[in-house]
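Visitor: My structure is in coords_10.pdb, and what it holds is PDB, C-alpha atoms:
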```pdb
ATOM      1  CA  MET A  34      76.285 115.511  82.895
ATOM      2  CA  ALA A  35      75.647 118.886  84.561
ATOM      3  CA  LEU A  36      77.323 119.837  87.820
ATOM      4  CA  SER A  37      75.077 119.696  90.896
ATOM      5  CA  TRP A  38      74.853 122.877  92.986
ATOM      6  CA  ILE A  39      73.825 122.255  96.591
ATOM      7  CA  ALA A  40      72.531 124.359  99.459
ATOM      8  CA  ASP A  41      73.257 123.761 103.123
ATOM      9  CA  ASP A  42      70.228 121.488 103.485
ATOM     10  CA  THR A  43      70.669 119.652 100.164
ATOM     11  CA  PRO A  44      72.087 116.105 100.394
ATOM     12  CA  LEU A  45      75.203 115.448  98.384
ATOM     13  CA  PRO A  46      74.577 113.399  95.233
ATOM     14  CA  PRO A  47      76.244 109.981  94.995
ATOM     15  CA  ALA A  48      79.925 109.822  94.101
ATOM     16  CA  SER A  49      79.038 107.987  90.901
ATOM     17  CA  SER A  50      77.430 111.206  89.609
ATOM     18  CA  ALA A  51      80.846 112.930  89.441
ATOM     19  CA  LEU A  52      81.912 114.546  86.209
ATOM     20  CA  GLY A  53      83.695 112.004  84.065
ATOM     21  CA  PRO A  54      86.806 111.846  81.883
ATOM     22  CA  GLY A  55      86.882 114.495  79.207
ATOM     23  CA  SER A  56      85.164 117.085  81.366
ATOM     24  CA  GLU A  57      86.944 120.159  82.673
ATOM     25  CA  ALA A  58      86.876 118.771  86.222
ATOM     26  CA  PRO A  59      86.748 114.953  86.251
ATOM     27  CA  GLY A  60      85.766 113.682  89.694
ATOM     28  CA  LEU A  61      83.845 116.823  90.705
ATOM     29  CA  VAL A  62      80.558 115.786  92.338
ATOM     30  CA  ALA A  63      78.986 119.068  93.460
ATOM     31  CA  ALA A  64      79.588 122.681  94.404
ATOM     32  CA  GLY A  65      78.182 124.913  97.121
ATOM     33  CA  GLY A  66      76.941 124.611 100.684
ATOM     34  CA  ARG A  67      78.956 125.212 103.817
ATOM     35  CA  VAL A  68      81.704 122.908 105.059
ATOM     36  CA  THR A  69      80.523 121.710 108.479
ATOM     37  CA  PRO A  70      81.163 118.586 110.574
ATOM     38  CA  ALA A  71      77.741 117.221 109.603
ATOM     39  CA  ARG A  72      78.431 117.787 105.910
ATOM     40  CA  LEU A  73      81.887 116.257 106.213
ATOM     41  CA  ASP A  74      80.455 113.160 107.907
ATOM     42  CA  GLU A  75      77.946 112.756 105.093
ATOM     43  CA  ALA A  76      80.578 113.367 102.430
ATOM     44  CA  TYR A  77      83.206 110.960 103.723
ATOM     45  CA  ARG A  78      80.694 108.153 104.147
ATOM     46  CA  LYS A  79      79.870 108.627 100.448
ATOM     47  CA  GLY A  80      83.525 108.698  99.394
ATOM     48  CA  ILE A  81      83.478 112.468  98.768
ATOM     49  CA  PHE A  82      85.792 115.163 100.125
ATOM     50  CA  PRO A  83      86.067 118.977  99.872
ATOM     51  CA  TRP A  84      88.874 120.536  97.876
ATOM     52  CA  TYR A  85      88.873 124.108  96.662
ATOM     53  CA  SER A  86      90.953 127.269  96.594
ATOM     54  CA  PRO A  87      90.430 130.701  98.142
ATOM     55  CA  GLY A  88      87.734 132.635  96.286
ATOM     56  CA  GLN A  89      85.956 129.481  95.085
ATOM     57  CA  PRO A  90      82.739 127.965  96.462
ATOM     58  CA  PRO A  91      83.127 124.654  98.292
ATOM     59  CA  LEU A  92      83.839 121.934  95.721
ATOM     60  CA  TRP A  93      83.144 118.291  96.485
ATOM     61  CA  TRP A  94      85.174 115.547  94.789
ATOM     62  CA  SER A  95      85.331 111.803  94.273
ATOM     63  CA  PRO A  96      88.070 110.889  91.767
ATOM     64  CA  ASP A  97      87.991 107.730  89.708
ATOM     65  CA  PRO A  98      90.294 105.918  90.172
ATOM     66  CA  ARG A  99      91.000 106.566  93.847
ATOM     67  CA  MET A 100      94.488 106.492  95.348
ATOM     68  CA  VAL A 101      94.717 104.174  98.358
ATOM     69  CA  LEU A 102      97.533 102.828 100.505
ATOM     70  CA  PRO A 103      97.088  99.166 101.498
ATOM     71  CA  THR A 104      98.588  98.999 104.962
ATOM     72  CA  ALA A 105      99.901  95.484 104.337
ATOM     73  CA  GLY A 106     101.807  96.773 101.300
ATOM     74  CA  PHE A 107     103.406  99.821 102.926
ATOM     75  CA  ARG A 108     106.929 100.202 101.560
ATOM     76  CA  VAL A 109     109.739 101.475 103.779
ATOM     77  CA  SER A 110     112.853 102.489 101.855
ATOM     78  CA  HIS A 111     116.288 101.536 103.154
ATOM     79  CA  SER A 112     117.036 105.137 104.164
ATOM     80  CA  LEU A 113     113.678 105.589 105.908
ATOM     81  CA  ARG A 114     114.121 102.287 107.732
ATOM     82  CA  LYS A 115     117.445 103.575 109.118
ATOM     83  CA  THR A 116     115.756 106.844 110.135
ATOM     84  CA  LEU A 117     112.925 104.988 111.878
ATOM     85  CA  ARG A 118     115.356 102.766 113.756
ATOM     86  CA  ARG A 119     117.192 105.818 115.090
ATOM     87  CA  PHE A 120     113.902 107.501 115.966
ATOM     88  CA  VAL A 121     112.533 104.499 117.869
ATOM     89  CA  ARG A 122     115.750 104.077 119.860
ATOM     90  CA  ASP A 123     116.115 107.748 120.793
ATOM     91  CA  PRO A 124     114.373 108.687 124.087
ATOM     92  CA  ALA A 125     114.150 112.294 122.849
ATOM     93  CA  CYS A 126     111.877 111.182 119.983
ATOM     94  CA  GLU A 127     108.232 110.207 120.276
ATOM     95  CA  ILE A 128     104.942 109.940 118.441
ATOM     96  CA  ARG A 129     101.989 111.770 119.938
ATOM     97  CA  VAL A 130      98.376 111.618 118.812
ATOM     98  CA  ASP A 131      96.058 114.626 119.131
ATOM     99  CA  HIS A 132      98.506 116.485 121.351
ATOM    100  CA  ASP A 133      98.300 119.705 119.303
ATOM    101  CA  PHE A 134      95.831 119.117 116.483
ATOM    102  CA  GLU A 135      95.233 122.775 115.686
ATOM    103  CA  ARG A 136      98.937 123.425 115.305
ATOM    104  CA  VAL A 137      99.231 120.440 112.958
ATOM    105  CA  ILE A 138      96.407 121.523 110.679
ATOM    106  CA  ARG A 139      97.763 125.079 110.579
ATOM    107  CA  ALA A 140     101.167 123.749 109.534
ATOM    108  CA  CYS A 141      99.545 121.556 106.882
ATOM    109  CA  ALA A 142      97.657 124.581 105.566
ATOM    110  CA  GLU A 143     100.994 126.314 105.053
ATOM    111  CA  THR A 144     102.375 123.364 103.055
ATOM    112  CA  PRO A 145     101.192 123.134  99.417
ATOM    113  CA  ARG A 146     100.189 119.733  98.115
ATOM    114  CA  GLU A 147     102.625 118.042  95.770
ATOM    115  CA  GLY A 148     102.590 119.740  92.368
ATOM    116  CA  GLN A 149     100.295 122.578  93.488
ATOM    117  CA  ASP A 150     100.635 126.198  94.489
ATOM    118  CA  GLY A 151      98.838 127.469  97.552
ATOM    119  CA  THR A 152      96.653 125.400  99.853
ATOM    120  CA  TRP A 153      93.282 123.718  99.771
ATOM    121  CA  ILE A 154      92.961 124.080 103.561
ATOM    122  CA  VAL A 155      91.228 127.442 103.409
ATOM    123  CA  PRO A 156      90.063 129.001 106.714
ATOM    124  CA  ALA A 157      86.500 127.632 106.456
ATOM    125  CA  VAL A 158      87.834 124.112 105.840
ATOM    126  CA  ARG A 159      90.327 124.394 108.688
ATOM    127  CA  GLN A 160      87.648 125.493 111.142
ATOM    128  CA  ALA A 161      85.316 122.686 110.049
ATOM    129  CA  TYR A 162      87.988 120.019 110.589
ATOM    130  CA  ILE A 163      88.912 121.523 113.966
ATOM    131  CA  ALA A 164      85.256 121.294 114.988
ATOM    132  CA  TRP A 165      85.086 117.727 113.674
ATOM    133  CA  HIS A 166      88.250 116.903 115.624
ATOM    134  CA  ARG A 167      86.530 118.072 118.794
ATOM    135  CA  LEU A 168      83.784 115.559 118.001
ATOM    136  CA  GLY A 169      86.382 112.782 117.835
ATOM    137  CA  ARG A 170      86.438 112.177 114.082
ATOM    138  CA  VAL A 171      89.702 113.801 113.027
ATOM    139  CA  HIS A 172      93.088 113.050 114.579
ATOM    140  CA  SER A 173      96.676 114.192 114.295
ATOM    141  CA  VAL A 174      99.769 111.997 114.309
ATOM    142  CA  GLU A 175     102.699 114.096 115.476
ATOM    143  CA  THR A 176     106.456 113.571 115.293
ATOM    144  CA  TRP A 177     108.142 115.155 118.314
ATOM    145  CA  ILE A 178     111.925 115.508 118.533
ATOM    146  CA  GLU A 179     113.630 116.978 121.591
ATOM    147  CA  GLY A 180     110.383 118.484 122.782
ATOM    148  CA  GLU A 181     109.579 120.179 119.459
ATOM    149  CA  LEU A 182     106.877 119.388 116.919
ATOM    150  CA  ALA A 183     108.950 118.351 113.909
ATOM    151  CA  GLY A 184     106.228 117.161 111.556
ATOM    152  CA  GLY A 185     102.990 115.262 111.312
ATOM    153  CA  LEU A 186      99.739 114.610 109.545
ATOM    154  CA  TYR A 187      96.035 114.491 110.224
ATOM    155  CA  PHE A 188      93.425 111.934 109.237
ATOM    156  CA  VAL A 189      89.735 111.160 109.436
ATOM    157  CA  GLY A 190      88.642 107.940 111.135
ATOM    158  CA  LEU A 191      85.224 106.374 110.494
ATOM    159  CA  GLY A 192      84.650 102.824 111.664
ATOM    160  CA  ARG A 193      87.619 100.837 110.345
ATOM    161  CA  MET A 194      88.307 103.338 107.556
ATOM    162  CA  VAL A 195      91.096 105.922 107.613
ATOM    163  CA  PHE A 196      91.287 108.901 105.265
ATOM    164  CA  GLY A 197      94.708 110.533 105.116
ATOM    165  CA  GLU A 198      94.405 114.278 104.665
ATOM    166  CA  SER A 199      97.634 116.289 104.704
ATOM    167  CA  MET A 200     101.200 116.197 106.013
ATOM    168  CA  PHE A 201     103.926 118.668 106.907
ATOM    169  CA  ALA A 202     107.552 118.533 108.018
ATOM    170  CA  HIS A 203     109.797 121.047 109.749
ATOM    171  CA  ARG A 204     112.607 118.489 109.894
ATOM    172  CA  ARG A 205     113.789 115.976 107.333
ATOM    173  CA  ASP A 206     111.592 112.849 107.156
ATOM    174  CA  ALA A 207     109.355 113.994 110.047
ATOM    175  CA  SER A 208     106.161 113.603 107.990
ATOM    176  CA  LYS A 209     107.326 110.192 106.733
ATOM    177  CA  ILE A 210     107.854 109.079 110.335
ATOM    178  CA  ALA A 211     104.300 110.160 111.159
ATOM    179  CA  LEU A 212     102.956 108.252 108.132
ATOM    180  CA  ALA A 213     104.841 105.126 109.187
ATOM    181  CA  ALA A 214     103.376 105.476 112.684
ATOM    182  CA  LEU A 215      99.874 105.807 111.229
ATOM    183  CA  VAL A 216     100.355 102.650 109.176
ATOM    184  CA  ALA A 217     101.628 100.792 112.243
ATOM    185  CA  ALA A 218      98.563 101.946 114.195
ATOM    186  CA  CYS A 219      96.253 100.928 111.359
ATOM    187  CA  ARG A 220      97.761  97.448 111.243
ATOM    188  CA  THR A 221      97.333  97.189 115.012
ATOM    189  CA  HIS A 222      93.646  98.105 114.697
ATOM    190  CA  GLY A 223      92.961  95.879 111.679
ATOM    191  CA  ILE A 224      92.584  98.696 109.143
ATOM    192  CA  ALA A 225      93.390  97.539 105.622
ATOM    193  CA  LEU A 226      93.419 100.783 103.605
ATOM    194  CA  VAL A 227      94.358 104.414 104.043
ATOM    195  CA  ASP A 228      92.550 106.641 101.558
ATOM    196  CA  CYS A 229      95.008 108.988  99.839
ATOM    197  CA  GLN A 230      92.461 110.610  97.497
ATOM    198  CA  GLN A 231      94.707 111.545  94.571
ATOM    199  CA  ASN A 232      97.655 109.964  92.794
ATOM    200  CA  THR A 233     101.102 111.423  93.434
ATOM    201  CA  PRO A 234     104.560 109.881  92.903
ATOM    202  CA  HIS A 235     105.332 110.553  96.581
ATOM    203  CA  LEU A 236     102.428 108.396  97.752
ATOM    204  CA  ALA A 237     103.172 105.727  95.152
ATOM    205  CA  SER A 238     106.699 105.423  96.567
ATOM    206  CA  PHE A 239     105.155 104.132  99.815
ATOM    207  CA  GLY A 240     103.086 101.500  98.017
ATOM    208  CA  ALA A 241      99.905 103.476  97.352
ATOM    209  CA  ARG A 242      98.006 102.459  94.218
ATOM    210  CA  GLU A 243      94.909 103.371  92.284
ATOM    211  CA  MET A 244      91.592 101.621  92.909
ATOM    212  CA  PRO A 245      88.447 101.933  90.769
ATOM    213  CA  ARG A 246      85.918 104.151  92.497
ATOM    214  CA  ALA A 247      83.289 101.396  92.543
ATOM    215  CA  ASP A 248      85.689  99.072  94.401
ATOM    216  CA  PHE A 249      86.603 101.884  96.789
ATOM    217  CA  GLU A 250      82.923 102.534  97.542
ATOM    218  CA  ARG A 251      82.336  98.848  98.320
ATOM    219  CA  HIS A 252      85.309  98.789 100.703
ATOM    220  CA  LEU A 253      84.138 102.063 102.246
ATOM    221  CA  ALA A 254      80.635 100.731 102.928
ATOM    222  CA  LEU A 255      82.018  97.644 104.659
ATOM    223  CA  SER A 256      84.646  99.517 106.663
ATOM    224  CA  THR A 257      82.518 102.408 107.914
ATOM    225  CA  GLY A 258      79.853  99.961 109.066
ATOM    226  CA  GLY A 259      82.254  98.271 111.481
ATOM    227  CA  PRO A 260      83.194  99.099 115.072
ATOM    228  CA  GLU A 261      85.005 102.331 115.829
ATOM    229  CA  VAL A 262      88.592 102.576 117.005
ATOM    230  CA  ALA A 263      87.973 103.684 120.580
ATOM    231  CA  ASP A 264      91.478 104.936 121.319
ATOM    232  CA  TRP A 265      94.069 106.155 118.816
ATOM    233  CA  THR A 266      96.765 106.651 121.473
ATOM    234  CA  TYR A 267     100.113 105.590 120.026
ATOM    235  CA  ASP A 268     101.930 102.840 121.888
ATOM    236  CA  SER A 269     105.614 102.395 121.057
ATOM    237  CA  ARG A 270     104.998  98.650 120.742
ATOM    238  CA  MET A 271     103.064  99.433 117.557
ATOM    239  CA  TRP A 272     106.392  99.921 115.776
ATOM    240  CA  GLU A 273     106.704  96.132 115.843
ATOM    241  CA  GLN A 274     104.065  96.063 113.090
ATOM    242  CA  LEU A 275     106.703  97.419 110.658
ATOM    243  CA  ALA A 276     109.401  94.868 111.602
ATOM    244  CA  LEU A 277     112.014  97.620 111.569
ATOM    245  CA  PHE A 278     114.725  95.588 113.234
ATOM    246  CA  GLU A 279     114.407  92.432 111.156
ATOM    247  CA  THR A 280     117.166  91.777 108.651
TER     248      THR A 280
END
```
Hey, can you dump this file as structure tokens for me?
Guide:
Amino acid sequence: MALSWIADDTPLPPASSALGPGSEAPGLVAAGGRVTPARLDEAYRKGIFPWYSPGQPPLWWSPDPRMVLPTAGFRVSHSLRKTLRRFVRDPACEIRVDHDFERVIRACAETPREGQDGTWIVPAVRQAYIAWHRLGRVHSVETWIEGELAGGLYFVGLGRMVFGESMFAHRRDASKIALAALVAACRTHGIALVDCQQNTPHLASFGAREMPRADFERHLALSTGGPEVADWTYDSRMWEQLALFET
């Protein structure tokens, strides 16, 4: 199957048209076009996301299988549970949502993905997600300690579907705390899956698993067709979703 090249006004092909196993780039759906909020909205609703390096054209991907984190199966290690308990009890620690999104995405851009050199959050991608954030589609979950941004992540929210994008930490476990807060918020809002895109041991340690792309697309269609989460503000009572203080 030949790779599809798209222009700005060309619709993305379906995710099922991605290059398959045995190709040089399994999961690659298309190349070209600009990364804009409108294009991102189209892509995510089709189960496709941009991922490319500096000097490359925009590349659009939909891996098969897809890595997802079932929120009901989120695993909290013994050490992380102790860290979360201390965090929740400390008045100098808090979770903020969308307090400083641009700072979060800049920090994520400076943090290579697991097993990779450099960043996929090239300037054009960063600006597109910032613009999409201003339209209410992209959000940051931020770990604040003693008045400083210690770590965080950002995610895309469509209907009752959450797509985890990237994390960073300036302090030990700060990104893990933000992920736990996101899972607690998702459980509160009835969100069953967080899309993690690609398989890594780090994500698997939290309970993420692979899902066939066809199953992911069916879940995506059902979830994006539902009501939107009107307010992602983090309430400290959401920590109860993780049962941190149960023995």
Visitor: Any idea what's packed within 12 Å of Ala71 (chain A), counting all atoms listed in the file, ignoring anything in its chain fewer than 5 positions away? Could you give it as a PyMOL selection string?
Guide: chain A and resi 41-42+44-45+66+76-78+161-162+164-165+168+170
Visitor: Given the file above and the PyMOL selection byres ((chain A and resi 88-91) around 9), which residues are selected, and can you give them as a PyMOL selection string?
Guide: chain A and resi 63-68+83-87+92-93+158
Visitor: From the set A:Asp268, A:Asp228, A:Glu273, A:Glu179, which residue has the shortest atom-to-atom contact distance to Pro96 (chain A), counting all atoms listed in the file?
Guide: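 Closest residue, counting all atoms listed in the file: A:Asp228.
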Visitor: Show which residues sit within 8 Å of region 211-218 of chain A, as a PyMOL selection string. Count all atoms listed in the file, and ignore same-chain residues fewer than 4 positions away.
Guide: chain A and resi 104+107+128+174-176+184-186+207+222+265+267+271-275
Visitor: May I have the residues within 7 Å of Val189 (chain A) as a PyMOL selection string, using only C-alpha atoms and disregarding those fewer than 3 positions away in the same chain?
Guide: chain A and resi 170-172+195-197
Visitor: Just so I have it separately, write region 71-188 of chain A from the block I sent, keeping C-alpha atoms, as a short mmCIF file (atom, residue, chain, number, x, y, z; two decimals), in the first residue's frame.
Guide:
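To be explicit, this is the file written out as part-v4.cif:
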```cif
data_model
loop_
_atom_site.label_atom_id
_atom_site.label_comp_id
_atom_site.auth_asym_id
_atom_site.auth_seq_id
_atom_site.Cartn_x
_atom_site.Cartn_y
_atom_site.Cartn_z
CA ALA A 71 -9.03 21.89 12.55
CA ARG A 72 -6.71 19.18 11.25
CA LEU A 73 -6.04 17.92 14.77
CA ASP A 74 -9.77 17.70 15.48
CA GLU A 75 -10.28 15.67 12.32
CA ALA A 76 -7.28 13.46 13.05
CA TYR A 77 -8.12 12.62 16.65
CA ARG A 78 -11.71 11.75 15.81
CA LYS A 79 -10.29 9.24 13.31
CA GLY A 80 -7.78 7.81 15.79
CA ILE A 81 -4.82 9.53 14.10
CA PHE A 82 -2.16 11.78 15.62
CA PRO A 83 0.86 13.77 14.34
CA TRP A 84 4.37 12.61 15.17
CA TYR A 85 7.46 13.74 13.32
CA SER A 86 10.92 15.18 13.84
CA PRO A 87 12.48 18.50 12.86
CA GLY A 88 13.16 18.63 9.12
CA GLN A 89 10.39 16.15 8.28
CA PRO A 90 6.95 16.91 6.82
CA PRO A 91 4.01 16.35 9.17
CA LEU A 92 3.50 12.60 9.58
CA TRP A 93 0.16 11.19 10.68
CA TRP A 94 -0.01 7.89 12.58
CA SER A 95 -2.42 5.26 13.84
CA PRO A 96 -0.53 2.26 15.28
CA ASP A 97 -2.01 -1.20 15.44
CA PRO A 98 -2.25 -2.30 18.19
CA ARG A 99 -2.91 0.87 20.18
CA MET A 100 -1.66 1.41 23.73
CA VAL A 101 -4.46 2.39 26.11
CA LEU A 102 -4.78 2.81 29.86
CA PRO A 103 -8.09 1.53 31.28
CA THR A 104 -8.82 3.92 34.12
CA ALA A 105 -10.38 1.14 36.19
CA GLY A 106 -7.14 -0.85 35.91
CA PHE A 107 -4.72 1.95 36.84
CA ARG A 108 -1.94 0.48 38.96
CA VAL A 109 -0.39 2.49 41.79
CA SER A 110 2.86 1.02 43.09
CA HIS A 111 3.52 0.89 46.83
CA SER A 112 6.12 3.67 46.58
CA LEU A 113 3.88 5.90 44.46
CA ARG A 114 0.97 5.33 46.84
CA LYS A 115 3.16 6.60 49.71
CA THR A 116 4.18 9.62 47.59
CA LEU A 117 0.55 10.40 46.74
CA ARG A 118 -0.50 10.17 50.38
CA ARG A 119 2.17 12.69 51.36
CA PHE A 120 1.22 14.94 48.46
CA VAL A 121 -2.50 14.93 49.29
CA ARG A 122 -1.86 15.70 52.96
CA ASP A 123 0.62 18.52 52.34
CA PRO A 124 -1.03 21.98 52.06
CA ALA A 125 1.97 23.15 50.00
CA CYS A 126 1.10 20.63 47.27
CA GLU A 127 -1.73 20.93 44.78
CA ILE A 128 -2.98 19.89 41.37
CA ARG A 129 -3.90 22.66 38.96
CA VAL A 130 -5.53 22.31 35.57
CA ASP A 131 -4.77 24.73 32.72
CA HIS A 132 -2.99 27.15 35.04
CA ASP A 133 0.08 27.45 32.78
CA PHE A 134 -0.54 25.30 29.71
CA GLU A 135 2.11 26.91 27.54
CA ARG A 136 4.78 26.35 30.15
CA VAL A 137 3.75 22.69 30.42
CA ILE A 138 3.93 22.01 26.70
CA ARG A 139 7.29 23.78 26.47
CA ALA A 140 8.64 21.58 29.26
CA CYS A 141 7.25 18.48 27.55
CA ALA A 142 8.95 19.54 24.32
CA GLU A 143 12.25 19.56 26.18
CA THR A 144 11.71 16.01 27.48
CA PRO A 145 12.40 13.21 24.97
CA ARG A 146 9.92 10.36 24.80
CA GLU A 147 11.01 7.09 26.35
CA GLY A 148 13.63 5.39 24.18
CA GLN A 149 13.96 8.34 21.78
CA ASP A 150 16.35 11.19 21.19
CA GLY A 151 15.01 14.68 20.63
CA THR A 152 11.36 15.67 20.63
CA TRP A 153 8.32 15.21 18.46
CA ILE A 154 6.83 18.47 19.77
CA VAL A 155 8.37 20.62 17.06
CA PRO A 156 7.49 24.36 17.02
CA ALA A 157 4.64 23.97 14.50
CA VAL A 158 3.08 21.19 16.59
CA ARG A 159 3.48 23.18 19.80
CA GLN A 160 1.78 26.23 18.32
CA ALA A 161 -1.08 24.13 16.95
CA TYR A 162 -1.77 22.53 20.34
CA ILE A 163 -1.57 25.92 22.06
CA ALA A 164 -4.17 27.23 19.62
CA TRP A 165 -6.30 24.13 20.19
CA HIS A 166 -5.96 24.64 23.95
CA ARG A 167 -7.38 28.14 23.54
CA LEU A 168 -10.38 26.52 21.86
CA GLY A 169 -10.90 24.31 24.91
CA ARG A 170 -9.75 20.97 23.50
CA VAL A 171 -6.34 20.52 25.10
CA HIS A 172 -5.66 20.72 28.83
CA SER A 173 -2.73 20.54 31.21
CA VAL A 174 -2.63 18.72 34.54
CA GLU A 175 0.03 20.37 36.69
CA THR A 176 1.79 19.26 39.87
CA TRP A 177 2.61 22.29 42.02
CA ILE A 178 4.86 22.01 45.08
CA GLU A 179 5.60 24.99 47.31
CA GLY A 180 4.41 27.38 44.65
CA GLU A 181 6.57 25.88 41.88
CA LEU A 182 5.56 23.88 38.83
CA ALA A 183 7.20 20.53 39.54
CA GLY A 184 5.81 18.44 36.70
CA GLY A 185 2.76 17.70 34.64
CA LEU A 186 1.22 16.49 31.43
CA TYR A 187 -1.18 17.60 28.75
CA PHE A 188 -4.07 15.78 27.11
#
```
